[in-house]
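Below is the file model26.pdb, which contains PDB, C-alpha atoms, pLDDT in the B column.
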```
ATOM      1  CA  MET A   1      73.571 104.424  35.607  1.00 55.00           C
ATOM      2  CA  THR A   2      71.406 102.038  37.446  1.00 60.00           C
ATOM      3  CA  ASN A   3      69.448 102.920  40.521  1.00 66.00           C
ATOM      4  CA  GLN A   4      70.123 100.287  43.180  1.00 70.00           C
ATOM      5  CA  GLN A   5      67.179  99.268  45.205  1.00 70.00           C
ATOM      6  CA  ILE A   6      67.625  98.416  48.890  1.00 68.00           C
ATOM      7  CA  PRO A   7      65.596  95.450  50.107  1.00 68.00           C
ATOM      8  CA  GLN A   8      62.818  97.008  52.218  1.00 68.00           C
ATOM      9  CA  ASP A   9      62.387  93.876  54.323  1.00 68.00           C
ATOM     10  CA  ARG A  10      65.985  94.125  55.462  1.00 71.00           C
ATOM     11  CA  TYR A  11      66.559  97.871  55.898  1.00 66.00           C
ATOM     12  CA  GLY A  12      63.094  99.385  56.066  1.00 63.00           C
ATOM     13  CA  SER A  13      61.639 102.156  53.985  1.00 62.00           C
ATOM     14  CA  ARG A  14      63.496 105.441  53.622  1.00 59.00           C
ATOM     15  CA  ALA A  15      60.265 107.347  53.942  1.00 54.00           C
ATOM     16  CA  ARG A  16      59.591 105.979  57.451  1.00 54.00           C
ATOM     17  CA  SER A  17      63.075 106.898  58.766  1.00 53.00           C
ATOM     18  CA  ARG A  18      62.378 110.631  58.549  1.00 60.00           C
ATOM     19  CA  THR A  19      61.233 112.255  61.764  1.00 62.00           C
ATOM     20  CA  ARG A  20      58.637 114.962  61.716  1.00 77.00           C
ATOM     21  CA  PRO A  21      60.106 118.491  61.959  1.00 80.00           C
ATOM     22  CA  GLY A  22      57.772 119.393  64.858  1.00 84.00           C
ATOM     23  CA  LEU A  23      58.946 116.393  66.880  1.00 87.00           C
ATOM     24  CA  ARG A  24      62.591 117.224  66.187  1.00 86.00           C
ATOM     25  CA  TRP A  25      62.163 120.831  67.407  1.00 89.00           C
ATOM     26  CA  ALA A  26      60.273 119.659  70.485  1.00 90.00           C
ATOM     27  CA  LEU A  27      63.126 117.282  71.394  1.00 91.00           C
ATOM     28  CA  ILE A  28      65.705 120.029  70.853  1.00 91.00           C
ATOM     29  CA  ALA A  29      63.682 122.378  73.108  1.00 92.00           C
ATOM     30  CA  VAL A  30      63.433 119.748  75.874  1.00 94.00           C
ATOM     31  CA  VAL A  31      67.197 119.111  75.732  1.00 95.00           C
ATOM     32  CA  LEU A  32      67.955 122.852  75.860  1.00 94.00           C
ATOM     33  CA  VAL A  33      65.656 123.391  78.859  1.00 95.00           C
ATOM     34  CA  ALA A  34      67.314 120.455  80.659  1.00 94.00           C
ATOM     35  CA  LEU A  35      70.794 121.867  79.951  1.00 93.00           C
ATOM     36  CA  VAL A  36      69.810 125.316  81.240  1.00 93.00           C
ATOM     37  CA  GLY A  37      68.402 123.679  84.400  1.00 91.00           C
ATOM     38  CA  VAL A  38      71.624 121.749  84.978  1.00 91.00           C
ATOM     39  CA  ALA A  39      73.673 124.919  84.449  1.00 88.00           C
ATOM     40  CA  ILE A  40      71.594 126.868  86.999  1.00 85.00           C
ATOM     41  CA  VAL A  41      71.851 124.118  89.627  1.00 84.00           C
ATOM     42  CA  GLY A  42      75.596 123.812  89.016  1.00 81.00           C
ATOM     43  CA  TYR A  43      76.136 127.547  89.358  1.00 78.00           C
ATOM     44  CA  ARG A  44      74.184 127.693  92.622  1.00 75.00           C
ATOM     45  CA  ASN A  45      76.067 124.736  94.105  1.00 74.00           C
ATOM     46  CA  LEU A  46      79.536 125.434  92.753  1.00 75.00           C
ATOM     47  CA  GLY A  47      79.528 129.219  92.426  1.00 65.00           C
ATOM     48  CA  SER A  48      81.024 131.518  95.011  1.00 65.00           C
ATOM     49  CA  ALA A  49      79.292 131.444  98.376  1.00 71.00           C
ATOM     50  CA  PRO A  50      77.425 134.604  99.441  1.00 87.00           C
ATOM     51  CA  ILE A  51      79.012 134.357 102.895  1.00 90.00           C
ATOM     52  CA  GLU A  52      82.272 132.751 103.945  1.00 92.00           C
ATOM     53  CA  GLY A  53      83.726 132.270 107.395  1.00 92.00           C
ATOM     54  CA  LYS A  54      87.182 131.027 108.245  1.00 94.00           C
ATOM     55  CA  GLN A  55      89.206 130.450 111.369  1.00 94.00           C
ATOM     56  CA  VAL A  56      92.093 132.912 111.618  1.00 95.00           C
ATOM     57  CA  ALA A  57      93.510 131.659 114.912  1.00 95.00           C
ATOM     58  CA  PHE A  58      92.665 129.481 117.866  1.00 95.00           C
ATOM     59  CA  GLU A  59      94.150 128.947 121.303  1.00 95.00           C
ATOM     60  CA  ILE A  60      93.471 126.074 123.684  1.00 95.00           C
ATOM     61  CA  LEU A  61      92.847 127.850 126.992  1.00 95.00           C
ATOM     62  CA  ASP A  62      92.437 124.762 129.194  1.00 95.00           C
ATOM     63  CA  ASP A  63      90.897 121.269 129.164  1.00 95.00           C
ATOM     64  CA  HIS A  64      87.389 122.681 128.721  1.00 95.00           C
ATOM     65  CA  SER A  65      87.679 125.808 126.583  1.00 95.00           C
ATOM     66  CA  VAL A  66      89.167 127.074 123.353  1.00 96.00           C
ATOM     67  CA  GLN A  67      89.354 130.606 122.006  1.00 97.00           C
ATOM     68  CA  ILE A  68      88.585 130.995 118.293  1.00 96.00           C
ATOM     69  CA  ILE A  69      89.125 134.070 116.142  1.00 96.00           C
ATOM     70  CA  LEU A  70      87.053 133.965 112.980  1.00 95.00           C
ATOM     71  CA  GLU A  71      86.864 136.161 109.931  1.00 95.00           C
ATOM     72  CA  VAL A  72      83.641 136.582 107.943  1.00 94.00           C
ATOM     73  CA  GLN A  73      83.319 137.980 104.437  1.00 93.00           C
ATOM     74  CA  ARG A  74      79.811 138.676 103.105  1.00 92.00           C
ATOM     75  CA  ASP A  75      78.373 139.835  99.805  1.00 90.00           C
ATOM     76  CA  GLU A  76      75.742 141.759 101.830  1.00 90.00           C
ATOM     77  CA  PRO A  77      77.649 143.294 104.770  1.00 90.00           C
ATOM     78  CA  GLN A  78      74.563 145.180 106.006  1.00 91.00           C
ATOM     79  CA  ARG A  79      72.876 141.858 106.959  1.00 91.00           C
ATOM     80  CA  PRO A  80      73.633 140.031 110.226  1.00 92.00           C
ATOM     81  CA  ALA A  81      75.022 136.511 109.965  1.00 92.00           C
ATOM     82  CA  ASP A  82      75.236 133.358 112.059  1.00 94.00           C
ATOM     83  CA  CYS A  83      78.431 131.300 112.149  1.00 94.00           C
ATOM     84  CA  VAL A  84      78.841 127.916 113.776  1.00 96.00           C
ATOM     85  CA  VAL A  85      82.208 127.274 115.400  1.00 96.00           C
ATOM     86  CA  ARG A  86      83.296 123.938 116.763  1.00 96.00           C
ATOM     87  CA  ALA A  87      86.146 122.295 118.623  1.00 96.00           C
ATOM     88  CA  ARG A  88      87.494 118.840 117.920  1.00 96.00           C
ATOM     89  CA  ALA A  89      89.613 116.486 119.968  1.00 96.00           C
ATOM     90  CA  GLU A  90      92.721 114.719 118.718  1.00 94.00           C
ATOM     91  CA  SER A  91      90.560 111.763 117.623  1.00 95.00           C
ATOM     92  CA  GLY A  92      88.530 114.083 115.381  1.00 93.00           C
ATOM     93  CA  ALA A  93      85.444 113.852 117.575  1.00 95.00           C
ATOM     94  CA  GLU A  94      83.538 117.081 118.093  1.00 96.00           C
ATOM     95  CA  VAL A  95      83.837 118.211 121.726  1.00 96.00           C
ATOM     96  CA  GLY A  96      82.123 121.589 121.469  1.00 95.00           C
ATOM     97  CA  ARG A  97      79.867 123.630 119.192  1.00 96.00           C
ATOM     98  CA  LYS A  98      78.484 127.147 119.367  1.00 95.00           C
ATOM     99  CA  GLU A  99      76.629 129.670 117.203  1.00 94.00           C
ATOM    100  CA  VAL A 100      78.065 133.169 116.984  1.00 94.00           C
ATOM    101  CA  LEU A 101      76.104 136.254 115.893  1.00 93.00           C
ATOM    102  CA  ILE A 102      78.024 138.398 113.402  1.00 92.00           C
ATOM    103  CA  GLN A 103      76.695 141.957 113.439  1.00 92.00           C
ATOM    104  CA  PRO A 104      76.359 143.982 110.218  1.00 92.00           C
ATOM    105  CA  ALA A 105      79.614 145.731 109.328  1.00 91.00           C
ATOM    106  CA  ASP A 106      81.430 146.960 106.258  1.00 89.00           C
ATOM    107  CA  GLY A 107      84.180 144.819 104.791  1.00 88.00           C
ATOM    108  CA  ILE A 108      85.618 141.741 106.441  1.00 91.00           C
ATOM    109  CA  THR A 109      84.434 141.169 110.021  1.00 92.00           C
ATOM    110  CA  ARG A 110      86.748 139.660 112.628  1.00 94.00           C
ATOM    111  CA  GLN A 111      85.226 138.202 115.781  1.00 93.00           C
ATOM    112  CA  GLU A 112      86.605 136.413 118.817  1.00 95.00           C
ATOM    113  CA  THR A 113      84.715 133.851 120.902  1.00 95.00           C
ATOM    114  CA  VAL A 114      85.421 131.354 123.676  1.00 96.00           C
ATOM    115  CA  LEU A 115      83.930 127.915 123.204  1.00 95.00           C
ATOM    116  CA  ARG A 116      83.288 125.598 126.159  1.00 96.00           C
ATOM    117  CA  THR A 117      84.199 121.964 125.443  1.00 96.00           C
ATOM    118  CA  SER A 118      83.342 118.595 126.970  1.00 96.00           C
ATOM    119  CA  ALA A 119      86.945 117.391 126.688  1.00 95.00           C
ATOM    120  CA  ARG A 120      90.335 118.775 125.714  1.00 95.00           C
ATOM    121  CA  ALA A 121      90.258 120.199 122.199  1.00 95.00           C
ATOM    122  CA  THR A 122      93.142 120.200 119.772  1.00 95.00           C
ATOM    123  CA  ILE A 123      91.579 122.533 117.213  1.00 95.00           C
ATOM    124  CA  GLY A 124      88.931 125.243 116.995  1.00 95.00           C
ATOM    125  CA  GLU A 125      87.384 125.895 113.594  1.00 95.00           C
ATOM    126  CA  VAL A 126      84.527 127.531 111.707  1.00 95.00           C
ATOM    127  CA  TYR A 127      81.991 124.944 110.597  1.00 95.00           C
ATOM    128  CA  GLY A 128      79.959 127.327 108.418  1.00 93.00           C
ATOM    129  CA  CYS A 129      78.084 130.613 108.179  1.00 93.00           C
ATOM    130  CA  THR A 130      74.616 131.646 107.027  1.00 92.00           C
ATOM    131  CA  TYR A 131      72.341 134.666 106.783  1.00 91.00           C
ATOM    132  CA  ASN A 132      69.565 132.676 108.520  1.00 90.00           C
ATOM    133  CA  VAL A 133      70.037 134.042 112.025  1.00 89.00           C
ATOM    134  CA  PRO A 134      67.928 132.234 114.652  1.00 88.00           C
ATOM    135  CA  GLU A 135      65.670 134.480 116.728  1.00 86.00           C
ATOM    136  CA  TYR A 136      67.326 133.532 120.022  1.00 85.00           C
ATOM    137  CA  LEU A 137      70.679 134.879 118.768  1.00 83.00           C
ATOM    138  CA  SER A 138      69.330 138.253 117.713  1.00 74.00           C
ATOM    139  CA  THR A 139      66.940 138.840 120.655  1.00 70.00           C
ATOM    140  CA  HIS A 140      69.134 137.541 123.473  1.00 61.00           C
ATOM    141  CA  LEU A 141      66.439 135.033 124.476  1.00 61.00           C
ATOM    142  CA  ARG A 142      67.561 131.558 125.435  1.00 59.00           C
ATOM    143  CA  PRO A 143      65.968 128.683 123.517  1.00 58.00           C
ATOM    144  CA  THR A 144      63.417 126.644 125.434  1.00 60.00           C
ATOM    145  CA  GLY A 145      62.418 123.021 125.068  1.00 53.00           C
TER     146      GLY A 145
END
```

Rendering of file as structure tokens:
Amino acid sequence: MTNQQIPQDRYGSRARSRTRPGLRWALIAVVLVALVGVAIVGYRNLGSAPIEGKQVAFEILDDHSVQIILEVQRDEPQRPADCVVRARAESGAEVGRKEVLIQPADGITRQETVLRTSARATIGEVYGCTYNVPEYLSTHLRPTG
């Protein structure tokens, strides 16, 4: 058997192609930390929401008001919540918006509200809900400014 030699000028030395074990483990650690970070961000953004509000029913009362019945489900029912409801015209333009305080309660909470509109609405819907309740909703003080 003959040992074939590879031209070093063309392919380089085999000894230089080896990476140091410390560098390899450092790269693996960086990749694993990045993957864990991506997984955490994905779970927070795509996981189940801690609070969900949905429109159960709506009724157009007249040219300047709509009644909306919303249902709120929370993972922490002992905390108050704030839901934003809105009304939209046939064109899709928003013609009314309002924040609704959802009091702490066990299970699914159902609440009814009347929303004043600037024009005739064709739909009333829940825009979103949060646990960040503004002070003026919980203290019955009107916002100033």

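Residue nearest Val66 in chain A within the list A:Leu137, A:Leu23, A:Leu46, A:Val85: A:Val85 [criterion: smallest interatomic distance, all atoms listed in the file].
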
- Message: Which residues, named as in the file, does the PyMOL selection byres ((chain A and resi 94-100) around 12) pick out? Answer as number ranges by chain.
- Response: A: 53, 63-72, 80-93, 101-103, 110-138, 140

- Query: On this structure, which residues satisfy the PyMOL selection byres ((chain A and resi 108) around 6), written as JSON, numbers by chain?
  - Reply: {"A": [72, 73, 107, 109]}

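Separating CA of Arg24 in chain A from CA of Val38 in chain A is a distance of 21.3 Å.
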
- Kindly give the distance, in Å, that separates CA of Ala39 in chain A and CA of Ile51 in chain A, rounded to a single decimal. 21.4 Å

- Message: Please report the interatomic distance between CA of Ala49 in chain A and CA of Ala34 in chain A in Å with one decimal.
- Response: 24.0 Å
